[in-house]
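Dumped entry14.tsv below, it's TSV, C-alpha atoms:
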```
chain	number	residue	atom	x	y	z
U	1	MET	CA	29.26	18.38	-14.58
U	2	THR	CA	26.65	15.66	-15.12
U	3	THR	CA	23.09	16.82	-14.61
U	4	THR	CA	19.91	14.82	-14.04
U	5	PRO	CA	17.47	15.01	-16.95
U	6	ALA	CA	14.32	17.05	-16.53
U	7	PRO	CA	11.50	15.17	-14.77
U	8	ALA	CA	9.81	12.79	-17.16
U	9	ARG	CA	6.04	13.35	-17.42
U	10	HIS	CA	5.30	11.11	-20.36
U	11	GLY	CA	5.15	7.41	-21.13
U	12	VAL	CA	5.45	5.05	-18.19
U	13	TRP	CA	6.17	7.96	-15.82
U	14	ALA	CA	2.99	9.94	-16.50
U	15	ASP	CA	0.94	8.51	-13.63
U	16	LEU	CA	3.56	8.80	-10.88
U	17	VAL	CA	1.86	11.60	-8.97
U	18	GLY	CA	4.06	14.19	-7.29
U	19	GLN	CA	7.31	12.32	-7.93
U	20	HIS	CA	9.09	14.65	-10.37
U	21	ARG	CA	12.50	14.28	-8.77
U	22	VAL	CA	12.22	10.50	-8.57
U	23	THR	CA	11.12	10.10	-12.18
U	24	GLY	CA	14.08	12.16	-13.31
U	25	THR	CA	16.45	9.92	-11.33
U	26	LEU	CA	14.87	6.72	-12.62
U	27	ALA	CA	14.79	7.92	-16.21
U	28	ALA	CA	18.49	8.70	-15.95
U	29	ALA	CA	19.21	5.23	-14.53
U	30	ALA	CA	17.21	3.57	-17.32
U	31	SER	CA	19.35	5.45	-19.82
U	32	GLY	CA	22.49	4.11	-18.12
U	33	LYS	CA	23.40	6.90	-15.65
U	34	GLY	CA	23.52	5.55	-12.12
U	35	MET	CA	22.29	2.07	-12.99
U	36	THR	CA	22.97	-0.64	-10.42
U	37	HIS	CA	21.85	-4.18	-9.56
U	38	ALA	CA	19.35	-3.42	-6.76
U	39	PHE	CA	17.06	-0.50	-5.86
U	40	LEU	CA	15.02	0.06	-2.70
U	41	PHE	CA	11.87	2.16	-3.18
U	42	THR	CA	10.59	3.72	0.04
U	43	GLY	CA	7.79	6.13	0.76
U	44	PRO	CA	4.59	6.51	2.79
U	45	PRO	CA	1.59	4.28	2.06
U	46	GLY	CA	-0.12	5.25	-1.18
U	47	SER	CA	2.81	7.26	-2.52
U	48	GLY	CA	3.20	4.81	-5.40
U	49	ARG	CA	6.24	2.69	-4.47
U	50	SER	CA	5.23	-0.38	-6.48
U	51	ASN	CA	3.95	1.77	-9.36
U	52	ALA	CA	7.30	3.55	-9.52
U	53	ALA	CA	9.11	0.20	-9.46
U	54	MET	CA	6.95	-1.17	-12.28
U	55	ALA	CA	7.39	2.00	-14.34
U	56	PHE	CA	11.17	1.67	-13.90
U	57	ALA	CA	10.97	-2.02	-14.89
U	58	ALA	CA	9.11	-1.01	-18.05
U	59	ALA	CA	11.73	1.63	-18.85
U	60	LEU	CA	14.49	-0.96	-18.42
U	61	GLN	CA	12.76	-3.28	-20.92
U	62	CYS	CA	11.62	-0.51	-23.28
U	63	GLU	CA	12.38	-1.23	-26.92
U	64	ARG	CA	13.54	2.38	-27.40
U	65	GLY	CA	16.11	2.18	-24.62
U	66	PRO	CA	18.63	2.51	-23.29
U	67	GLY	CA	18.52	6.20	-24.03
U	68	ARG	CA	16.50	9.34	-23.45
U	69	GLU	CA	13.34	7.69	-24.80
U	70	ALA	CA	13.44	4.70	-22.43
U	71	GLY	CA	9.97	4.21	-20.95
U	72	CYS	CA	7.97	5.33	-23.97
U	73	GLY	CA	4.85	3.53	-22.74
U	74	GLN	CA	3.84	2.62	-26.29
U	75	CYS	CA	6.05	-0.29	-27.30
U	76	GLN	CA	5.18	-3.94	-26.70
U	77	ALA	CA	7.69	-4.26	-23.85
U	78	CYS	CA	6.36	-1.24	-21.94
U	79	ARG	CA	2.75	-2.33	-22.34
U	80	THR	CA	3.34	-5.92	-21.25
U	81	VAL	CA	5.37	-4.89	-18.20
U	82	LEU	CA	2.66	-2.50	-17.01
U	83	ALA	CA	0.01	-5.14	-17.70
U	84	GLY	CA	1.93	-7.68	-15.63
U	85	SER	CA	2.52	-10.12	-18.49
U	86	HIS	CA	6.16	-9.55	-19.46
U	87	PRO	CA	8.10	-12.85	-19.14
U	88	ASP	CA	11.19	-11.15	-17.73
U	89	VAL	CA	9.50	-9.04	-15.03
U	90	THR	CA	8.32	-10.90	-11.92
U	91	ARG	CA	6.12	-9.01	-9.47
U	92	VAL	CA	6.11	-10.56	-5.98
U	93	ARG	CA	3.73	-9.73	-3.14
U	94	THR	CA	2.54	-11.67	-0.11
U	95	ASP	CA	-0.76	-12.02	1.71
U	96	SER	CA	1.06	-13.32	4.78
U	97	VAL	CA	2.60	-11.36	7.62
U	98	GLN	CA	6.05	-12.47	6.44
U	99	PHE	CA	7.71	-14.05	3.43
U	100	LEU	CA	8.44	-17.73	3.96
U	101	VAL	CA	11.77	-19.28	3.05
U	102	ARG	CA	10.14	-21.13	0.15
U	103	ASP	CA	8.88	-17.79	-1.20
U	104	ALA	CA	12.41	-16.41	-1.06
U	105	ARG	CA	13.84	-19.44	-2.83
U	106	ASP	CA	11.30	-19.04	-5.63
U	107	MET	CA	12.52	-15.45	-6.11
U	108	VAL	CA	16.14	-16.59	-6.20
U	109	ARG	CA	15.38	-19.24	-8.83
U	110	LYS	CA	13.60	-16.69	-11.01
U	111	ALA	CA	16.40	-14.14	-10.58
U	112	ALA	CA	18.97	-16.71	-11.75
U	113	MET	CA	17.28	-17.11	-15.14
U	114	SER	CA	18.52	-15.31	-18.24
U	115	PRO	CA	16.11	-12.84	-19.88
U	116	VAL	CA	13.85	-14.45	-22.47
U	117	THR	CA	12.87	-11.43	-24.56
U	118	GLY	CA	14.00	-8.35	-22.66
U	119	ARG	CA	17.36	-6.90	-21.72
U	120	TRP	CA	16.93	-7.55	-17.99
U	121	GLN	CA	15.53	-10.14	-15.61
U	122	VAL	CA	13.65	-7.87	-13.17
U	123	ILE	CA	12.36	-9.00	-9.75
U	124	VAL	CA	9.92	-6.53	-8.18
U	125	VAL	CA	9.27	-7.29	-4.49
U	126	GLU	CA	6.38	-5.15	-3.24
U	127	ASP	CA	6.68	-6.17	0.42
U	128	ALA	CA	10.41	-6.17	1.13
U	129	ASP	CA	9.63	-5.19	4.72
U	130	ARG	CA	8.11	-8.68	5.17
U	131	PHE	CA	11.38	-10.55	4.86
U	132	ASN	CA	12.25	-12.14	8.19
U	133	GLU	CA	15.77	-13.21	9.09
U	134	SER	CA	15.42	-16.65	7.47
U	135	SER	CA	13.77	-15.56	4.21
U	136	GLY	CA	16.02	-12.50	4.05
U	137	ASN	CA	19.12	-14.64	4.31
U	138	ALA	CA	17.74	-16.86	1.54
U	139	VAL	CA	17.69	-13.93	-0.94
U	140	LEU	CA	20.69	-12.00	0.38
U	141	LYS	CA	23.33	-13.58	-1.87
U	142	ALA	CA	21.13	-13.17	-4.95
U	143	VAL	CA	20.52	-9.47	-4.15
U	144	GLU	CA	24.17	-8.84	-3.34
U	145	GLU	CA	25.63	-10.64	-6.37
U	146	PRO	CA	22.90	-11.09	-9.00
U	147	GLY	CA	23.47	-12.24	-12.54
U	148	PRO	CA	24.85	-9.67	-14.97
U	149	ARG	CA	21.37	-9.00	-16.44
U	150	THR	CA	19.33	-9.24	-13.23
U	151	VAL	CA	17.89	-6.27	-11.32
U	152	TRP	CA	16.09	-6.35	-7.95
U	153	LEU	CA	13.51	-3.64	-7.25
U	154	LEU	CA	12.43	-3.79	-3.59
U	155	CYS	CA	9.62	-1.74	-2.03
U	156	ALA	CA	9.03	-0.87	1.64
U	157	PRO	CA	7.52	2.00	3.66
U	158	THR	CA	10.88	3.06	5.18
U	159	VAL	CA	14.52	2.04	5.08
U	160	GLU	CA	14.29	0.92	8.70
U	161	ASP	CA	11.57	-1.61	7.78
U	162	VAL	CA	14.04	-3.60	5.66
U	163	LEU	CA	16.69	-5.94	7.03
U	164	PRO	CA	20.03	-4.07	7.27
U	165	THR	CA	21.83	-6.79	5.32
U	166	ILE	CA	19.47	-6.27	2.37
U	167	ARG	CA	19.06	-2.50	2.40
U	168	SER	CA	22.83	-1.97	2.48
U	169	ARG	CA	23.06	-3.66	-0.94
U	170	CYS	CA	20.51	-1.35	-2.59
U	171	ARG	CA	20.41	2.13	-4.07
U	172	LEU	CA	17.74	4.09	-2.20
U	173	VAL	CA	14.87	5.78	-4.05
U	174	THR	CA	12.68	7.83	-1.71
U	175	LEU	CA	9.18	8.84	-2.81
U	176	ALA	CA	7.34	11.82	-1.34
U	177	THR	CA	3.72	12.15	-0.27
U	178	PRO	CA	1.88	13.79	-3.20
U	179	SER	CA	0.22	17.11	-2.44
U	180	ALA	CA	-3.58	17.43	-2.48
U	181	PRO	CA	-3.59	19.57	-5.68
U	182	GLU	CA	-1.40	17.00	-7.45
U	183	VAL	CA	-3.70	14.14	-6.43
U	184	ALA	CA	-6.80	16.12	-7.42
U	185	GLU	CA	-5.34	16.90	-10.85
U	186	PHE	CA	-4.54	13.22	-11.33
U	187	LEU	CA	-8.11	12.18	-10.44
U	188	VAL	CA	-9.65	14.70	-12.83
U	189	ARG	CA	-7.28	13.64	-15.61
U	190	THR	CA	-7.50	9.87	-15.22
U	191	ALA	CA	-10.88	9.21	-13.59
U	192	GLY	CA	-12.89	12.04	-15.09
U	193	VAL	CA	-14.45	13.08	-11.78
U	194	SER	CA	-15.57	16.61	-10.99
U	195	ASP	CA	-13.17	19.16	-9.53
U	196	GLY	CA	-15.09	19.26	-6.24
U	197	LEU	CA	-15.12	15.49	-5.75
U	198	ALA	CA	-11.47	15.26	-6.76
U	199	ALA	CA	-10.53	17.95	-4.21
U	200	TYR	CA	-12.45	16.12	-1.45
U	201	ALA	CA	-10.88	12.74	-2.29
U	202	ALA	CA	-7.41	14.25	-2.48
U	203	ARG	CA	-7.72	15.88	0.95
U	204	ALA	CA	-9.40	12.90	2.61
U	205	SER	CA	-6.86	10.41	1.24
U	206	GLN	CA	-3.95	12.44	2.70
U	207	GLY	CA	-1.81	11.70	-0.35
U	208	HIS	CA	-2.70	8.00	-0.68
U	209	ILE	CA	-3.34	7.52	-4.41
U	210	GLY	CA	-5.23	4.23	-4.15
U	211	ARG	CA	-7.41	5.57	-1.35
U	212	ALA	CA	-8.09	8.75	-3.34
U	213	LYS	CA	-9.29	6.70	-6.32
U	214	ALA	CA	-11.61	4.65	-4.12
U	215	LEU	CA	-13.08	7.77	-2.50
U	216	ALA	CA	-13.55	9.45	-5.85
U	217	LEU	CA	-15.16	6.48	-7.60
U	218	ASP	CA	-17.08	4.58	-4.92
U	219	GLU	CA	-19.91	6.14	-2.92
U	220	ALA	CA	-19.92	3.27	-0.39
U	221	THR	CA	-16.28	4.02	0.44
U	222	ARG	CA	-17.12	7.69	0.95
U	223	ASN	CA	-20.04	6.79	3.22
U	224	ARG	CA	-17.89	4.49	5.36
U	225	ARG	CA	-15.32	7.21	5.81
U	226	ARG	CA	-17.95	9.80	6.73
U	227	GLU	CA	-19.15	7.45	9.46
U	228	VAL	CA	-15.64	6.98	10.87
U	229	VAL	CA	-14.77	10.69	11.05
U	230	LYS	CA	-17.92	11.31	13.11
U	231	TYR	CA	-16.83	8.96	15.91
U	232	PRO	CA	-14.79	11.51	17.93
U	233	ARG	CA	-17.86	13.66	18.59
U	234	ARG	CA	-20.06	10.66	19.45
U	235	LEU	CA	-17.82	8.92	21.99
U	236	THR	CA	-19.67	10.27	25.04
U	237	GLY	CA	-19.78	7.10	27.15
U	238	ILE	CA	-18.84	3.45	27.51
U	239	GLY	CA	-21.88	2.31	25.54
U	240	ALA	CA	-21.14	4.63	22.63
U	241	ALA	CA	-17.48	3.56	22.62
U	242	MET	CA	-18.32	-0.15	22.58
U	243	THR	CA	-20.89	0.36	19.81
U	244	ALA	CA	-18.40	2.31	17.70
U	245	ALA	CA	-15.75	-0.41	18.14
U	246	ALA	CA	-18.19	-3.18	17.21
U	247	ASN	CA	-19.43	-1.28	14.16
U	248	LEU	CA	-15.90	-0.58	12.92
U	249	ALA	CA	-14.83	-4.22	13.37
U	250	GLU	CA	-17.97	-5.49	11.64
U	251	VAL	CA	-17.67	-3.12	8.68
U	252	ALA	CA	-13.99	-4.04	8.27
U	253	LYS	CA	-14.82	-7.76	8.18
U	254	GLU	CA	-17.67	-7.25	5.71
U	255	GLU	CA	-15.49	-5.19	3.38
U	256	ALA	CA	-12.63	-7.68	3.61
U	257	ASP	CA	-14.99	-10.59	2.94
U	258	ALA	CA	-16.35	-8.82	-0.12
U	259	ILE	CA	-12.82	-8.40	-1.45
U	260	THR	CA	-11.60	-11.93	-0.75
U	261	SER	CA	-14.65	-14.18	-1.23
U	262	GLU	CA	-14.60	-14.03	-5.02
U	263	GLN	CA	-10.85	-14.62	-5.12
U	264	ASP	CA	-11.15	-17.55	-2.70
U	265	ALA	CA	-13.84	-19.21	-4.83
U	266	ARG	CA	-11.79	-18.73	-7.99
U	267	GLU	CA	-8.70	-20.27	-6.38
U	268	LYS	CA	-10.74	-23.26	-5.15
U	269	ALA	CA	-12.16	-23.83	-8.64
U	270	ASP	CA	-8.68	-23.58	-10.17
U	271	LEU	CA	-7.34	-26.09	-7.65
U	272	ASP	CA	-10.16	-28.56	-8.34
U	273	GLN	CA	-9.59	-28.26	-12.07
U	274	ALA	CA	-5.83	-28.69	-11.72
U	275	PHE	CA	-6.32	-31.96	-9.83
U	276	GLY	CA	-9.15	-33.16	-12.02
U	277	TYR	CA	-11.60	-32.99	-9.12
U	278	GLU	CA	-14.52	-30.67	-9.67
U	279	ASP	CA	-18.11	-31.72	-8.96
U	280	LYS	CA	-17.46	-35.42	-9.04
U	281	GLY	CA	-14.61	-37.84	-9.04
U	282	ARG	CA	-12.07	-39.30	-6.71
U	283	ARG	CA	-9.68	-36.94	-5.00
U	284	PRO	CA	-6.00	-37.51	-5.81
U	285	ARG	CA	-3.78	-38.16	-2.80
U	286	GLU	CA	-2.02	-34.80	-3.12
U	287	TYR	CA	-5.30	-32.85	-3.25
U	288	ALA	CA	-5.85	-32.74	0.53
U	289	SER	CA	-2.41	-31.27	1.18
U	290	ALA	CA	-2.81	-28.67	-1.57
U	291	LEU	CA	-6.27	-27.75	-0.28
U	292	LYS	CA	-4.94	-27.34	3.25
U	293	ASP	CA	-2.13	-25.03	2.09
U	294	MET	CA	-4.55	-22.97	0.01
U	295	THR	CA	-7.03	-22.66	2.88
U	296	GLU	CA	-4.32	-21.52	5.29
U	297	ASN	CA	-3.09	-18.92	2.80
U	298	GLN	CA	-6.65	-17.67	2.32
U	299	LYS	CA	-7.12	-17.31	6.08
U	300	ARG	CA	-3.90	-15.30	6.37
U	301	ARG	CA	-4.98	-13.14	3.44
U	302	ALA	CA	-8.42	-12.55	4.95
U	303	ARG	CA	-6.89	-11.46	8.24
U	304	ARG	CA	-4.52	-9.09	6.49
U	305	ARG	CA	-7.42	-7.63	4.49
U	306	VAL	CA	-9.30	-6.94	7.72
U	307	LEU	CA	-6.24	-5.23	9.19
U	308	ASP	CA	-5.78	-3.17	6.02
U	309	VAL	CA	-9.38	-1.95	6.19
U	310	VAL	CA	-9.12	-1.18	9.91
U	311	ASP	CA	-5.82	0.60	9.33
U	312	ARG	CA	-7.39	2.94	6.77
U	313	SER	CA	-10.17	3.75	9.23
U	314	LEU	CA	-7.66	4.47	12.00
U	315	MET	CA	-5.81	6.92	9.75
U	316	ASP	CA	-9.13	8.64	9.01
U	317	LEU	CA	-9.74	8.87	12.76
U	318	VAL	CA	-6.28	10.33	13.34
U	319	SER	CA	-6.97	12.97	10.68
U	320	VAL	CA	-9.87	14.33	12.78
U	321	TYR	CA	-7.73	14.76	15.88
U	322	ARG	CA	-4.97	16.38	13.82
U	323	ASP	CA	-7.52	18.79	12.37
U	324	ALA	CA	-8.70	19.57	15.90
U	325	ILE	CA	-5.15	20.35	16.98
U	326	ALA	CA	-4.65	22.55	13.90
U	327	LEU	CA	-7.83	24.51	14.67
U	328	ALA	CA	-6.94	24.89	18.33
U	329	VAL	CA	-3.49	26.35	17.65
U	330	GLY	CA	-4.64	28.46	14.69
U	331	ALA	CA	-2.58	26.68	12.05
U	332	PRO	CA	-3.17	28.08	8.54
U	333	GLY	CA	-4.48	26.06	5.62
U	334	ALA	CA	-7.47	23.87	4.86
U	335	LEU	CA	-8.37	20.96	7.10
U	336	VAL	CA	-8.21	17.38	5.87
U	337	ASN	CA	-11.87	17.10	6.88
U	338	GLU	CA	-12.92	20.57	5.80
U	339	GLU	CA	-16.47	19.38	5.03
U	340	ILE	CA	-17.12	18.66	8.75
U	341	ARG	CA	-15.39	21.75	10.17
U	342	ASP	CA	-18.37	22.46	12.47
U	343	GLU	CA	-18.10	19.01	14.05
U	344	ILE	CA	-14.34	19.34	14.48
U	345	GLU	CA	-14.91	22.64	16.24
U	346	GLU	CA	-17.08	20.72	18.72
U	347	VAL	CA	-14.19	18.33	19.30
U	348	VAL	CA	-11.94	21.33	19.94
U	349	ARG	CA	-14.37	22.76	22.52
U	350	ALA	CA	-14.62	19.40	24.31
U	351	SER	CA	-10.87	18.75	24.52
U	352	THR	CA	-7.41	20.28	24.51
U	353	PRO	CA	-4.56	19.99	21.99
U	354	GLU	CA	-2.66	17.91	24.54
U	355	LEU	CA	-5.57	15.49	24.93
U	356	ASN	CA	-5.99	15.15	21.16
U	357	LEU	CA	-2.28	14.46	20.79
U	358	GLN	CA	-2.64	11.74	23.42
U	359	ARG	CA	-5.62	10.34	21.51
U	360	ILE	CA	-3.49	10.05	18.38
U	361	GLU	CA	-0.97	8.06	20.41
U	362	TRP	CA	-3.76	5.77	21.63
U	363	VAL	CA	-4.86	5.15	18.05
U	364	PHE	CA	-1.33	4.22	17.01
U	365	ALA	CA	-1.00	1.99	20.09
U	366	ALA	CA	-4.12	0.07	19.00
U	367	ARG	CA	-2.68	-0.19	15.50
U	368	GLU	CA	0.56	-1.62	16.87
U	369	GLN	CA	-1.35	-4.14	18.99
U	370	MET	CA	-3.12	-5.49	15.91
U	371	MET	CA	-0.25	-5.32	13.45
U	372	GLU	CA	2.68	-6.39	15.62
U	373	PHE	CA	1.20	-8.41	18.48
U	374	ASN	CA	-1.76	-10.09	16.76
U	375	VAL	CA	-4.35	-8.72	19.19
U	376	PRO	CA	-7.84	-9.42	17.73
U	377	PRO	CA	-9.15	-6.24	16.08
U	378	ALA	CA	-12.38	-6.24	18.11
U	379	LEU	CA	-10.47	-6.19	21.43
U	380	ALA	CA	-7.94	-3.57	20.33
U	381	LEU	CA	-10.70	-1.32	18.96
U	382	GLU	CA	-12.79	-1.61	22.14
U	383	SER	CA	-9.85	-0.56	24.30
U	384	MET	CA	-9.03	2.31	21.94
U	385	MET	CA	-12.57	3.67	21.68
U	386	VAL	CA	-12.98	3.65	25.47
U	387	ALA	CA	-9.76	5.64	25.79
U	388	LEU	CA	-10.91	8.16	23.15
U	389	ARG	CA	-14.11	9.11	25.01
U	390	VAL	CA	-14.97	12.74	25.56
U	391	PRO	CA	-14.12	13.59	29.22
U	392	GLU	CA	-17.30	13.77	31.31
U	393	ALA	CA	-16.46	17.25	32.59
U	394	LEU	CA	-16.30	18.57	29.00
U	395	ARG	CA	-19.45	16.97	27.59
```
Encoded form (structure tokens):
Amino acid sequence: MTTTPAPARHGVWADLVGQHRVTGTLAAAASGKGMTHAFLFTGPPGSGRSNAAMAFAAALQCERGPGREAGCGQCQACRTVLAGSHPDVTRVRTDSVQFLVRDARDMVRKAAMSPVTGRWQVIVVEDADRFNESSGNAVLKAVEEPGPRTVWLLCAPTVEDVLPTIRSRCRLVTLATPSAPEVAEFLVRTAGVSDGLAAYAARASQGHIGRAKALALDEATRNRRREVVKYPRRLTGIGAAMTAAANLAEVAKEEADAITSEQDAREKADLDQAFGYEDKGRRPREYASALKDMTENQKRRARRRVLDVVDRSLMDLVSVYRDAIALAVGAPGALVNEEIRDEIEEVVRASTPELNLQRIEWVFAAREQMMEFNVPPALALESMMVALRVPEALR
């Protein structure tokens, strides 16, 4: 009987936190056992879907493979894949709500090329859930019947988020949410933070690796989260609710602007240089059209950044109400927000488990309004905060 190799904890697999079963499966595929033309990586946010896909891409190109040593992490191929500079590994992401047809056609053209230096032409699509019917149809044939040395690695939160016609052509790889001890160990090992700070970041991130790193390494991120998790106790009236909504929307915009402003300026400078129009000179005819496209893309990216920041805050807010439910029903184990246990106990006294469960539903309803129906964040947050108020009879 064929057995799966022991979980790989070295080389390109070393930083896939809490994914022992997955790394064993991928290492086996890289060595030729269970290899196919398309893989779909799914898992909760922060579980490391794109990191797992890139590690697998490196193992496929590894100079020591195919074989048990594929994915050594030391050879030129492994290093260039992980650095994003390998000519035969294309990493695709989008700042838009959906992939456009032209984006899909670019992927298809790249997938049709023969490998230049590696064994495979690998297309890593980080946002496979953002294919709409038109862009999905544009890549379907290439995913279903790729070239003999082409591999598609698609990433999405869940199988249901991907078009049925695409997901049915892929081998499913499901990642788990890393445990708090696993995340804490990773932070201590890779970021060199103290055990206490690593434990806090691991709990507060709820298994989201990127969020855990930010909490461990950036004091401003920790301070913003501390402010958000105090909202449930402070929502004692309409005024407090409106103030909380305005503050959250403003902080989200400021953080998103800080992330995107430098990138926007760099893209504008690159565009000016490409067209020979910097501080002076006559603008070429095509410049205006290119500038318009770039500006529209930047606006879409800025909006998505705001939604991403708001989304993280909403998940932090949900964690407080979940902790309150856990305390109320006497569930064992540490709270996500253990450091503010006293404040969560106040939330418990001023509510019921049923009310806190309803509050979680209201938070997710606000999230859906922003993500799916394009409701402006300020309006969705105002409605949500008003709904989350502490009942007057329990204040």
Adding 6 Å on each side of the box along x, y and z that holds all listed atoms of range 267-274 of chain U, could you give its centre and edge lengths in Å to one decimal, as JSON?
```
{"center_x": -9.0, "center_y": -24.5, "center_z": -8.6, "size_x": 18.3, "size_y": 20.4, "size_z": 18.9}
```
Neighbourhood query: residues within 12 Å of (2.9, 10.4, -8.8), file coordinates, counting all atoms listed in the file; return as a PDB file with C-alpha atoms, in the frame of the given file.
```
ATOM      1  CA  PRO U   7      11.500  15.170 -14.770  1.00  0.00           C
ATOM      2  CA  ALA U   8       9.810  12.790 -17.160  1.00  0.00           C
ATOM      3  CA  ARG U   9       6.040  13.350 -17.420  1.00  0.00           C
ATOM      4  CA  HIS U  10       5.300  11.110 -20.360  1.00  0.00           C
ATOM      5  CA  VAL U  12       5.450   5.050 -18.190  1.00  0.00           C
ATOM      6  CA  TRP U  13       6.170   7.960 -15.820  1.00  0.00           C
ATOM      7  CA  ALA U  14       2.990   9.940 -16.500  1.00  0.00           C
ATOM      8  CA  ASP U  15       0.940   8.510 -13.630  1.00  0.00           C
ATOM      9  CA  LEU U  16       3.560   8.800 -10.880  1.00  0.00           C
ATOM     10  CA  VAL U  17       1.860  11.600  -8.970  1.00  0.00           C
ATOM     11  CA  GLY U  18       4.060  14.190  -7.290  1.00  0.00           C
ATOM     12  CA  GLN U  19       7.310  12.320  -7.930  1.00  0.00           C
ATOM     13  CA  HIS U  20       9.090  14.650 -10.370  1.00  0.00           C
ATOM     14  CA  ARG U  21      12.500  14.280  -8.770  1.00  0.00           C
ATOM     15  CA  VAL U  22      12.220  10.500  -8.570  1.00  0.00           C
ATOM     16  CA  THR U  23      11.120  10.100 -12.180  1.00  0.00           C
ATOM     17  CA  GLY U  43       7.790   6.130   0.760  1.00  0.00           C
ATOM     18  CA  GLY U  46      -0.120   5.250  -1.180  1.00  0.00           C
ATOM     19  CA  SER U  47       2.810   7.260  -2.520  1.00  0.00           C
ATOM     20  CA  GLY U  48       3.200   4.810  -5.400  1.00  0.00           C
ATOM     21  CA  ARG U  49       6.240   2.690  -4.470  1.00  0.00           C
ATOM     22  CA  SER U  50       5.230  -0.380  -6.480  1.00  0.00           C
ATOM     23  CA  ASN U  51       3.950   1.770  -9.360  1.00  0.00           C
ATOM     24  CA  ALA U  52       7.300   3.550  -9.520  1.00  0.00           C
ATOM     25  CA  ALA U  53       9.110   0.200  -9.460  1.00  0.00           C
ATOM     26  CA  ALA U  55       7.390   2.000 -14.340  1.00  0.00           C
ATOM     27  CA  LEU U 175       9.180   8.840  -2.810  1.00  0.00           C
ATOM     28  CA  ALA U 176       7.340  11.820  -1.340  1.00  0.00           C
ATOM     29  CA  THR U 177       3.720  12.150  -0.270  1.00  0.00           C
ATOM     30  CA  PRO U 178       1.880  13.790  -3.200  1.00  0.00           C
ATOM     31  CA  SER U 179       0.220  17.110  -2.440  1.00  0.00           C
ATOM     32  CA  ALA U 180      -3.580  17.430  -2.480  1.00  0.00           C
ATOM     33  CA  PRO U 181      -3.590  19.570  -5.680  1.00  0.00           C
ATOM     34  CA  GLU U 182      -1.400  17.000  -7.450  1.00  0.00           C
ATOM     35  CA  VAL U 183      -3.700  14.140  -6.430  1.00  0.00           C
ATOM     36  CA  ALA U 184      -6.800  16.120  -7.420  1.00  0.00           C
ATOM     37  CA  GLU U 185      -5.340  16.900 -10.850  1.00  0.00           C
ATOM     38  CA  PHE U 186      -4.540  13.220 -11.330  1.00  0.00           C
ATOM     39  CA  LEU U 187      -8.110  12.180 -10.440  1.00  0.00           C
ATOM     40  CA  GLY U 207      -1.810  11.700  -0.350  1.00  0.00           C
ATOM     41  CA  HIS U 208      -2.700   8.000  -0.680  1.00  0.00           C
ATOM     42  CA  ILE U 209      -3.340   7.520  -4.410  1.00  0.00           C
ATOM     43  CA  GLY U 210      -5.230   4.230  -4.150  1.00  0.00           C
TER      44      GLY U 210
END
```
Atomic separation - CA of Thr190 in chain U relative to CA of Cys78 in chain U, Å:
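Taking CA of Cys78 in chain U and CA of Thr190 in chain U, their separation equals 19.0 Å.
Restricting the calculation to all atoms listed in the file, the smallest distance between Leu335 in chain U and any of U:Gln206, U:Gln298, U:Ser383, U:Asn356 is found for U:Gln206.
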What does the structure give for the distance between CA of Glu227 in chain U and CA of Leu248 in chain U, in Å to one decimal?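 Atom-to-atom, CA of Glu227 in chain U to CA of Leu248 in chain U, that is 9.3 Å.
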Report as a tab-separated table: every residue of range 278-377 of chain U with an atom at most 10 Å from range 264-271 of chain U, its closest pair of atoms, and their distance in Å to one decimal, counting all atoms listed in the file, with rows sorted by chain and ascending residue number.
```
residue	atom	partner	partner_atom	distance
U:Glu278	CA	U:Ala269	CA	7.3
U:Asp279	CA	U:Ala269	CA	9.9
U:Tyr287	CA	U:Leu271	CA	8.3
U:Ala290	CA	U:Leu271	CA	8.0
U:Leu291	CA	U:Leu271	CA	7.6
U:Met294	CA	U:Lys268	CA	8.1
U:Thr295	CA	U:Asp264	CA	8.6
U:Asn297	CA	U:Asp264	CA	9.9
U:Gln298	CA	U:Asp264	CA	6.7
U:Lys299	CA	U:Asp264	CA	9.7
U:Arg301	CA	U:Asp264	CA	9.8
U:Ala302	CA	U:Asp264	CA	9.5
```
I need range 249-270 of chain U written out with C-alpha atoms, as a PDB file, in the first residue's frame; please produce it.
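This is the output file selection_32.pdb:
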```pdb
ATOM      1  CA  ALA U 249     -14.228  54.316   9.133  1.00  0.00           C
ATOM      2  CA  GLU U 250     -11.672  57.108   9.525  1.00  0.00           C
ATOM      3  CA  VAL U 251      -8.953  54.841  10.899  1.00  0.00           C
ATOM      4  CA  ALA U 252      -9.574  52.332   8.086  1.00  0.00           C
ATOM      5  CA  LYS U 253      -9.206  55.044   5.440  1.00  0.00           C
ATOM      6  CA  GLU U 254      -6.038  56.434   7.039  1.00  0.00           C
ATOM      7  CA  GLU U 255      -4.443  52.999   7.243  1.00  0.00           C
ATOM      8  CA  ALA U 256      -5.419  52.173   3.663  1.00  0.00           C
ATOM      9  CA  ASP U 257      -4.077  55.516   2.430  1.00  0.00           C
ATOM     10  CA  ALA U 258      -0.784  54.876   4.190  1.00  0.00           C
ATOM     11  CA  ILE U 259      -0.504  51.516   2.434  1.00  0.00           C
ATOM     12  CA  THR U 260      -1.470  52.690  -1.051  1.00  0.00           C
ATOM     13  CA  SER U 261      -0.120  56.258  -1.340  1.00  0.00           C
ATOM     14  CA  GLU U 262       3.505  55.229  -1.793  1.00  0.00           C
ATOM     15  CA  GLN U 263       2.564  52.556  -4.320  1.00  0.00           C
ATOM     16  CA  ASP U 264       0.358  55.015  -6.232  1.00  0.00           C
ATOM     17  CA  ALA U 265       3.175  57.567  -6.465  1.00  0.00           C
ATOM     18  CA  ARG U 266       5.635  54.911  -7.634  1.00  0.00           C
ATOM     19  CA  GLU U 267       3.249  53.708 -10.340  1.00  0.00           C
ATOM     20  CA  LYS U 268       2.681  57.289 -11.548  1.00  0.00           C
ATOM     21  CA  ALA U 269       6.434  57.906 -11.753  1.00  0.00           C
ATOM     22  CA  ASP U 270       6.930  54.639 -13.648  1.00  0.00           C
TER      23      ASP U 270
END
```
